[in-house]
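Peer 1: Below you'll find input.txt; it's compact mmCIF, C-alpha atoms.
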```txt
# COMPACT_ATOMS: atom_id res chain seq x y z
CA MET A 1 211.89 -20.51 90.18
CA ASP A 2 209.18 -17.87 89.93
CA LEU A 3 210.03 -15.14 92.43
CA ARG A 4 206.80 -13.39 91.53
CA THR A 5 205.17 -15.85 93.93
CA LEU A 6 206.47 -13.53 96.64
CA TYR A 7 203.88 -11.00 95.49
CA LYS A 8 201.30 -13.29 97.10
CA VAL A 9 202.79 -12.63 100.54
CA SER A 10 200.67 -9.99 102.24
CA TYR A 11 202.22 -6.56 102.85
CA GLY A 12 200.99 -3.03 103.38
CA VAL A 13 202.28 0.29 102.03
CA TYR A 14 203.69 2.68 104.61
CA ILE A 15 205.86 5.76 105.00
CA VAL A 16 208.68 5.34 107.51
CA SER A 17 210.12 8.66 108.69
CA SER A 18 212.89 9.80 110.99
CA VAL A 19 214.96 12.86 111.91
CA LYS A 20 218.64 13.77 112.08
CA ASP A 21 220.16 17.17 112.97
CA ASN A 22 216.69 18.75 112.73
CA LYS A 23 216.28 17.45 109.17
CA PHE A 24 213.43 15.14 108.20
CA ASN A 25 213.31 12.27 105.76
CA GLY A 26 210.90 9.49 104.94
CA GLN A 27 210.46 6.64 102.49
CA ILE A 28 207.94 4.12 101.28
CA ALA A 29 208.24 0.74 103.01
CA ASN A 30 206.19 -2.42 102.79
CA THR A 31 208.01 -4.67 105.27
CA VAL A 32 206.46 -3.59 108.57
CA PHE A 33 205.25 -6.10 111.13
CA GLN A 34 204.43 -6.43 114.81
CA VAL A 35 206.92 -8.52 116.77
CA THR A 36 205.54 -8.63 120.32
CA SER A 37 202.47 -7.36 122.19
CA GLU A 38 204.11 -6.77 125.58
CA PRO A 39 205.91 -4.51 125.26
CA PRO A 40 204.32 -3.54 121.91
CA THR A 41 207.17 -3.83 119.43
CA ILE A 42 207.25 -3.20 115.69
CA ALA A 43 209.88 -4.12 113.08
CA ILE A 44 210.76 -2.45 109.80
CA CYS A 45 213.19 -3.40 107.02
CA ILE A 46 215.20 -0.55 105.46
CA ASN A 47 217.84 -0.59 102.72
CA LYS A 48 221.27 0.48 103.98
CA GLN A 49 221.70 2.84 101.01
CA ASN A 50 218.62 4.86 101.92
CA LEU A 51 218.90 8.19 103.73
CA THR A 52 216.16 7.15 106.15
CA HIS A 53 218.42 4.30 107.28
CA GLN A 54 221.06 6.84 108.33
CA TYR A 55 218.50 8.94 110.17
CA ILE A 56 217.14 5.98 112.15
CA GLU A 57 220.65 4.81 113.09
CA SER A 58 221.48 8.32 114.30
CA SER A 59 218.29 9.34 116.12
CA LYS A 60 217.15 5.88 117.33
CA ILE A 61 213.53 6.80 116.55
CA PHE A 62 211.11 6.32 113.65
CA THR A 63 207.47 6.74 112.74
CA ILE A 64 205.21 4.67 110.50
CA SER A 65 202.31 6.21 108.57
CA ILE A 66 199.78 3.68 107.28
CA LEU A 67 198.59 4.73 103.81
CA SER A 68 195.06 4.39 102.45
CA THR A 69 194.01 3.22 99.01
CA ASP A 70 193.39 6.89 98.15
CA ALA A 71 197.13 7.65 98.09
CA THR A 72 198.06 8.84 94.60
CA MET A 73 200.93 7.47 92.56
CA GLN A 74 202.53 10.93 92.55
CA PHE A 75 202.54 10.94 96.34
CA ILE A 76 203.90 7.39 96.57
CA GLY A 77 206.49 8.25 93.93
CA LYS A 78 207.78 11.22 95.94
CA PHE A 79 208.52 9.05 98.95
CA GLY A 80 209.33 5.84 97.09
CA PHE A 81 211.32 6.79 93.98
CA LYS A 82 213.00 10.07 94.94
CA SER A 83 215.89 10.57 97.35
CA GLY A 84 215.87 12.92 100.29
CA ARG A 85 219.43 13.77 99.28
CA ASP A 86 217.99 15.56 96.24
CA ILE A 87 214.64 16.96 97.40
CA ASP A 88 212.81 17.93 100.58
CA LYS A 89 210.09 15.29 100.66
CA PHE A 90 208.24 17.14 103.40
CA LYS A 91 207.79 20.30 101.34
CA ASP A 92 204.08 20.57 100.49
CA THR A 93 203.45 17.45 102.60
CA LYS A 94 201.06 17.56 105.55
CA TYR A 95 202.77 16.26 108.68
CA LYS A 96 203.15 16.82 112.41
CA ILE A 97 205.96 16.38 114.91
CA GLY A 98 205.23 13.34 117.03
CA LYS A 99 206.05 12.40 120.61
CA THR A 100 209.43 11.08 119.44
CA SER A 101 210.27 14.43 117.73
CA ALA A 102 210.21 12.63 114.37
CA PRO A 103 207.77 13.71 111.64
CA VAL A 104 204.51 11.85 111.10
CA VAL A 105 203.18 12.07 107.54
CA LEU A 106 199.44 12.79 107.60
CA ASP A 107 198.56 12.94 103.89
CA TYR A 108 196.54 9.82 102.94
CA THR A 109 197.29 8.38 106.39
CA ILE A 110 194.68 6.30 108.24
CA GLY A 111 196.80 5.76 111.33
CA TYR A 112 200.36 6.00 112.58
CA LEU A 113 202.85 4.48 115.01
CA GLU A 114 205.85 6.01 116.74
CA ALA A 115 208.72 3.91 118.00
CA GLU A 116 212.01 4.12 119.88
CA LEU A 117 214.74 1.84 118.59
CA THR A 118 215.42 -1.20 120.78
CA GLY A 119 217.67 -3.20 118.49
CA SER A 120 218.54 -4.14 114.93
CA MET A 121 219.56 -7.13 112.83
CA ASP A 122 221.81 -7.16 109.79
CA ALA A 123 220.04 -8.57 106.73
CA GLY A 124 222.67 -8.08 104.04
CA THR A 125 221.55 -5.19 101.86
CA HIS A 126 218.99 -4.21 104.52
CA THR A 127 218.72 -3.72 108.26
CA ILE A 128 215.76 -4.90 110.31
CA PHE A 129 215.07 -2.27 112.97
CA PHE A 130 213.06 -3.15 116.08
CA GLY A 131 211.22 -0.38 117.92
CA ARG A 132 209.12 -0.14 121.08
CA ILE A 133 205.85 1.62 120.24
CA VAL A 134 205.53 4.80 122.31
CA ASP A 135 202.51 6.31 120.60
CA ALA A 136 199.82 5.26 118.13
CA GLU A 137 196.67 6.80 116.72
CA THR A 138 193.89 5.81 114.34
CA ILE A 139 192.94 8.79 112.17
CA ASN A 140 190.09 7.31 110.15
CA ASN A 141 188.60 4.00 109.03
CA GLN A 142 189.44 4.16 105.34
CA GLU A 143 190.77 1.05 103.61
CA PRO A 144 194.53 0.51 104.09
CA MET A 145 196.55 0.07 100.92
CA THR A 146 197.98 -3.41 100.56
CA TYR A 147 201.01 -4.37 98.51
CA ALA A 148 198.72 -6.36 96.19
CA TYR A 149 196.44 -3.34 95.67
CA TYR A 150 199.47 -1.18 94.87
CA HIS A 151 200.62 -3.65 92.20
CA GLU A 152 197.30 -4.80 90.76
CA ILE A 153 195.14 -1.67 90.97
CA LYS A 154 197.66 1.17 91.10
CA LYS A 155 200.01 -0.69 88.69
CA GLY A 156 202.92 0.30 90.90
CA LYS A 157 206.41 -1.18 90.97
CA SER A 158 208.94 -1.72 93.76
CA PRO A 159 212.06 0.49 93.74
CA LYS A 160 215.39 -1.30 93.42
CA THR A 161 216.21 -0.63 97.09
CA ALA A 162 213.02 -2.32 98.33
CA PRO A 163 213.32 -5.74 100.01
CA THR A 164 210.58 -7.00 97.66
CA TYR A 165 212.21 -5.77 94.42
CA ILE A 166 212.35 -8.37 91.66
CA ALA A 167 214.40 -7.57 88.57
CA SER A 168 212.69 -7.97 85.22
CA ASN A 169 214.17 -10.81 83.19
CA GLY A 170 212.59 -9.71 79.95
CA ARG A 171 210.36 -12.79 79.83
CA ALA A 172 207.70 -11.95 82.39
CA LYS A 173 205.63 -9.85 80.00
CA GLU A 174 201.91 -9.64 79.88
CA ILE A 175 200.23 -11.48 77.04
CA LYS A 176 198.81 -8.99 74.57
CA SER A 177 195.16 -9.09 73.71
CA GLU A 178 194.45 -9.01 70.01
CA VAL A 179 191.55 -6.67 70.59
CA ILE A 180 193.75 -4.00 72.19
CA LYS A 181 195.51 -1.97 69.52
CA MET A 182 197.21 0.65 71.66
CA SER A 183 200.65 -0.22 72.99
CA LYS A 184 201.78 -0.10 76.58
CA TYR A 185 204.87 1.92 77.45
CA ARG A 186 207.37 1.28 80.24
CA CYS A 187 209.23 3.92 82.21
CA THR A 188 212.95 3.09 82.00
CA VAL A 189 213.57 4.83 85.33
CA CYS A 190 211.14 3.03 87.65
CA ASP A 191 209.50 0.34 85.44
CA TYR A 192 206.02 1.85 85.73
CA ILE A 193 203.82 0.62 82.88
CA TYR A 194 201.51 3.09 81.18
CA ASP A 195 198.50 1.04 80.10
CA PRO A 196 196.11 2.89 77.74
CA ALA A 197 193.28 0.72 79.02
CA GLN A 198 193.83 2.15 82.50
CA GLY A 199 194.96 5.68 81.62
CA ASP A 200 196.28 7.79 84.48
CA PRO A 201 193.21 8.92 86.44
CA ASP A 202 195.30 10.65 89.12
CA SER A 203 196.61 12.99 86.41
CA GLY A 204 193.26 13.41 84.66
CA VAL A 205 194.13 11.01 81.81
CA GLN A 206 191.07 8.95 80.97
CA PRO A 207 191.15 5.21 80.14
CA GLY A 208 191.50 4.66 76.41
CA THR A 209 194.12 7.39 75.94
CA ALA A 210 197.05 6.26 73.78
CA PHE A 211 200.54 7.05 75.03
CA GLU A 212 201.15 9.06 71.88
CA SER A 213 198.16 11.24 72.74
CA LEU A 214 199.40 12.17 76.21
CA PRO A 215 200.25 15.86 76.68
CA ASP A 216 203.91 16.72 76.12
CA ASP A 217 204.22 17.82 79.74
CA TRP A 218 202.84 14.53 81.12
CA VAL A 219 205.26 12.76 83.43
CA CYS A 220 205.50 9.31 84.99
CA PRO A 221 203.08 9.27 87.93
CA VAL A 222 205.56 7.31 90.02
CA CYS A 223 209.00 8.86 89.52
CA GLY A 224 208.30 12.03 87.52
CA ALA A 225 210.29 11.03 84.41
CA ASP A 226 209.13 12.69 81.19
CA LYS A 227 207.77 10.90 78.11
CA THR A 228 211.20 10.59 76.50
CA GLN A 229 212.14 8.12 79.25
CA PHE A 230 209.45 5.63 78.16
CA VAL A 231 209.89 2.72 75.75
CA LYS A 232 207.24 0.68 73.99
CA GLU A 233 206.51 -2.74 75.45
CA GLU A 234 206.98 -5.40 72.80
```
Could you spell out this file's structure in structure tokens?
Peer 2:
Amino acid sequence: MDLRTLYKVSYGVYIVSSVKDNKFNGQIANTVFQVTSEPPTIAICINKQNLTHQYIESSKIFTISILSTDATMQFIGKFGFKSGRDIDKFKDTKYKIGKTSAPVVLDYTIGYLEAELTGSMDAGTHTIFFGRIVDAETINNQEPMTYAYYHEIKKGKSPKTAPTYIASNGRAKEIKSEVIKMSKYRCTVCDYIYDPAQGDPDSGVQPGTAFESLPDDWVCPVCGADKTQFVKEE
């Protein structure tokens, strides 16, 4: 069974945020979908281990920021591969307080939704939260980032707490081209692949730059791990 077929299912890339005891937290989510039109109801799927899950359970409110294709890997990494237990994700992040009193992330956001919790469903490792939409706004008409774009263009991976995470079995490796001499390197923290053919444009690293030639202070654009955390792809 090839679970990578699930990558063909269409998703977006969003930031789901909430509040608890006047503290904010948010995370990357891709499982967001409209349930009904009257009343307008949205559903999200959140891992029970995530801090945002606790905040939503406590406050009964959440917001959804719809990200554009311009969102950088560093920005996605802050909300997707770092925990709000360790850092303040909203430091140096542009946001506003919405009608629900929860934060709405505005960086790289093309539109947002605010919802009040109406119910939930247990889904094993995750909870599906249902919310009645109480506010919504379109900010601009830029292209929304899809899950496929995140994987194929941004070369992003899903964190282990994501509902779409698929563990690597060591066999699903890309076939090497004989004409490419420079090796790819994989981050052992988040599975991001540094591909010399792509470089890291968000960090100013041009295509054609070998991993060995990266500056010593270069870090993984997704999770922030340093070069010592990378291993060569065989």
Peer 1: For Ile15 of chain A, work out the shell of residues within 10 Å, counting all atoms listed in the file and skipping chain neighbours fewer than 4 positions away, then give it as a compact mmCIF listing (two decimals) with C-alpha atoms, keeping the file's coordinate frame.
Peer 2:
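Now in result.txt:
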```
# COMPACT_ATOMS: atom_id res chain seq x y z
CA ASN A 25 213.31 12.27 105.76
CA GLY A 26 210.90 9.49 104.94
CA GLN A 27 210.46 6.64 102.49
CA ILE A 28 207.94 4.12 101.28
CA ALA A 29 208.24 0.74 103.01
CA ASN A 30 206.19 -2.42 102.79
CA THR A 63 207.47 6.74 112.74
CA ILE A 64 205.21 4.67 110.50
CA SER A 65 202.31 6.21 108.57
CA ILE A 66 199.78 3.68 107.28
CA LEU A 67 198.59 4.73 103.81
CA ILE A 76 203.90 7.39 96.57
CA PHE A 79 208.52 9.05 98.95
CA GLY A 80 209.33 5.84 97.09
CA VAL A 104 204.51 11.85 111.10
CA VAL A 105 203.18 12.07 107.54
CA LEU A 106 199.44 12.79 107.60
CA THR A 109 197.29 8.38 106.39
CA TYR A 112 200.36 6.00 112.58
```
Peer 1: Looking at A:Thr138, A:Arg132, A:Met121, A:Ile153, which one is nearest to Thr72 of chain A, with distances taken over all atoms listed in the file?
Peer 2: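 Of the candidates, the smallest distance to Thr72 of chain A is held by A:Ile153.
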Peer 1: Can you tell me which residues surround Tyr194 of chain A at a distance of at most 12 Å, considering all atoms listed in the file, apart from same-chain residues fewer than 3 positions away, and format the answer as a ChimeraX atom specification?
Peer 2: /A:154-157,182-188,190-191,197-201,205-212,214,218-222,227,229-233
Peer 1: From the list A:Gly224, A:Pro144, A:Pro215, A:Gly77, which residue is nearest Tyr11 of chain A when using all atoms listed in the file?
Peer 2: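 That would be A:Pro144, the residue with the smallest distance to Tyr11 of chain A.
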Peer 1: Just how far from atom CA of Asp92 of chain A is atom CA of Gln74 of chain A, in Å to one decimal?
Peer 2: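 Straight-line distance from atom CA of Gln74 of chain A to atom CA of Asp92 of chain A works out to 12.6 Å.
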Peer 1: As number ranges by chain, please: the residues near Asp135 of chain A (cut-off 9 Å, all atoms listed in the file, same-chain neighbours under 4 positions excluded).
Peer 2: A: 98-100, 112-115
Peer 1: Kindly give the distance, in Å, that separates atom CA of Gly84 of chain A and atom CA of Ser17 of chain A, rounded to a single decimal.
Peer 2: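 Between atom CA of Gly84 of chain A and atom CA of Ser17 of chain A the gap works out to 11.0 Å.
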Peer 1: Specify the axis-aligned box that encloses all atoms of segment 21-38 of chain A listed in the file after padding of 3 Å on each side, stating its centre and edge lengths in Å to one decimal as lines of an AutoDock Vina configuration file.
Peer 2:
```
center_x = 211.3
center_y = 5.1
center_z = 113.4
size_x = 23.7
size_y = 33.4
size_z = 30.3
```
Peer 1: Which residue out of A:Glu116, A:Val9, A:Tyr150, A:Ile97 has the minimum interatomic distance to Phe130 of chain A when all atoms listed in the file are used?
Peer 2: A:Glu116
Peer 1: Go ahead and compute the interatomic distance for atom CA of Gln54 of chain A and atom CA of Asp107 of chain A, in Å to one decimal.
Peer 2: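 Distance reported for this atom pair: 23.7 Å.
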Peer 1: With distances taken over all atoms listed in the file, which of A:Asp217, A:Tyr108, A:Asn140, A:Glu57 is nearest to Tyr95 of chain A?
Peer 2: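 Answer, going by the shortest atom-to-atom distance: A:Tyr108.
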Peer 1: Between A:Gln34, A:Ser101, A:Thr146, A:Gln49, which has the minimum distance to Gly124 of chain A (counting only C-alpha atoms)?
Peer 2: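 Of all the options, A:Gln49 lies closest to Gly124 of chain A.
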Peer 1: Kindly reconstruct segment 83-96 of chain A with N, CA and C atoms and present the result as a PDB file, in the coordinates of the input.
Peer 2:
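Now in part-v1.pdb:
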```pdb
ATOM      1  N   SER A  83     214.994  10.595  96.189  1.00  0.00           N
ATOM      2  CA  SER A  83     215.890  10.570  97.350  1.00  0.00           C
ATOM      3  C   SER A  83     215.819  11.868  98.125  1.00  0.00           C
ATOM      4  N   GLY A  84     215.827  11.750  99.438  1.00  0.00           N
ATOM      5  CA  GLY A  84     215.870  12.920 100.290  1.00  0.00           C
ATOM      6  C   GLY A  84     217.190  13.672 100.186  1.00  0.00           C
ATOM      7  N   ARG A  85     218.167  13.067  99.529  1.00  0.00           N
ATOM      8  CA  ARG A  85     219.430  13.770  99.280  1.00  0.00           C
ATOM      9  C   ARG A  85     219.249  14.839  98.195  1.00  0.00           C
ATOM     10  N   ASP A  86     218.208  14.666  97.373  1.00  0.00           N
ATOM     11  CA  ASP A  86     217.990  15.560  96.240  1.00  0.00           C
ATOM     12  C   ASP A  86     216.828  16.530  96.446  1.00  0.00           C
ATOM     13  N   ILE A  87     215.822  16.114  97.193  1.00  0.00           N
ATOM     14  CA  ILE A  87     214.640  16.960  97.400  1.00  0.00           C
ATOM     15  C   ILE A  87     214.219  16.917  98.869  1.00  0.00           C
ATOM     16  N   ASP A  88     213.438  17.912  99.259  1.00  0.00           N
ATOM     17  CA  ASP A  88     212.810  17.930 100.580  1.00  0.00           C
ATOM     18  C   ASP A  88     211.440  17.270 100.432  1.00  0.00           C
ATOM     19  N   LYS A  89     211.337  16.024 100.843  1.00  0.00           N
ATOM     20  CA  LYS A  89     210.090  15.290 100.660  1.00  0.00           C
ATOM     21  C   LYS A  89     208.943  15.864 101.494  1.00  0.00           C
ATOM     22  N   PHE A  90     209.279  16.623 102.524  1.00  0.00           N
ATOM     23  CA  PHE A  90     208.240  17.140 103.400  1.00  0.00           C
ATOM     24  C   PHE A  90     207.726  18.518 102.963  1.00  0.00           C
ATOM     25  N   LYS A  91     208.319  19.063 101.904  1.00  0.00           N
ATOM     26  CA  LYS A  91     207.790  20.300 101.340  1.00  0.00           C
ATOM     27  C   LYS A  91     206.441  19.991 100.690  1.00  0.00           C
ATOM     28  N   ASP A  92     205.441  20.752 101.011  1.00  0.00           N
ATOM     29  CA  ASP A  92     204.080  20.570 100.490  1.00  0.00           C
ATOM     30  C   ASP A  92     203.465  19.253 100.944  1.00  0.00           C
ATOM     31  N   THR A  93     204.006  18.669 102.005  1.00  0.00           N
ATOM     32  CA  THR A  93     203.450  17.450 102.600  1.00  0.00           C
ATOM     33  C   THR A  93     202.878  17.789 103.964  1.00  0.00           C
ATOM     34  N   LYS A  94     201.671  17.321 104.244  1.00  0.00           N
ATOM     35  CA  LYS A  94     201.060  17.560 105.550  1.00  0.00           C
ATOM     36  C   LYS A  94     201.668  16.585 106.561  1.00  0.00           C
ATOM     37  N   TYR A  95     202.180  17.113 107.656  1.00  0.00           N
ATOM     38  CA  TYR A  95     202.770  16.260 108.680  1.00  0.00           C
ATOM     39  C   TYR A  95     202.708  16.961 110.037  1.00  0.00           C
ATOM     40  N   LYS A  96     203.038  16.237 111.072  1.00  0.00           N
ATOM     41  CA  LYS A  96     203.150  16.820 112.410  1.00  0.00           C
ATOM     42  C   LYS A  96     204.372  16.219 113.095  1.00  0.00           C
TER      43      LYS A  96
END
```
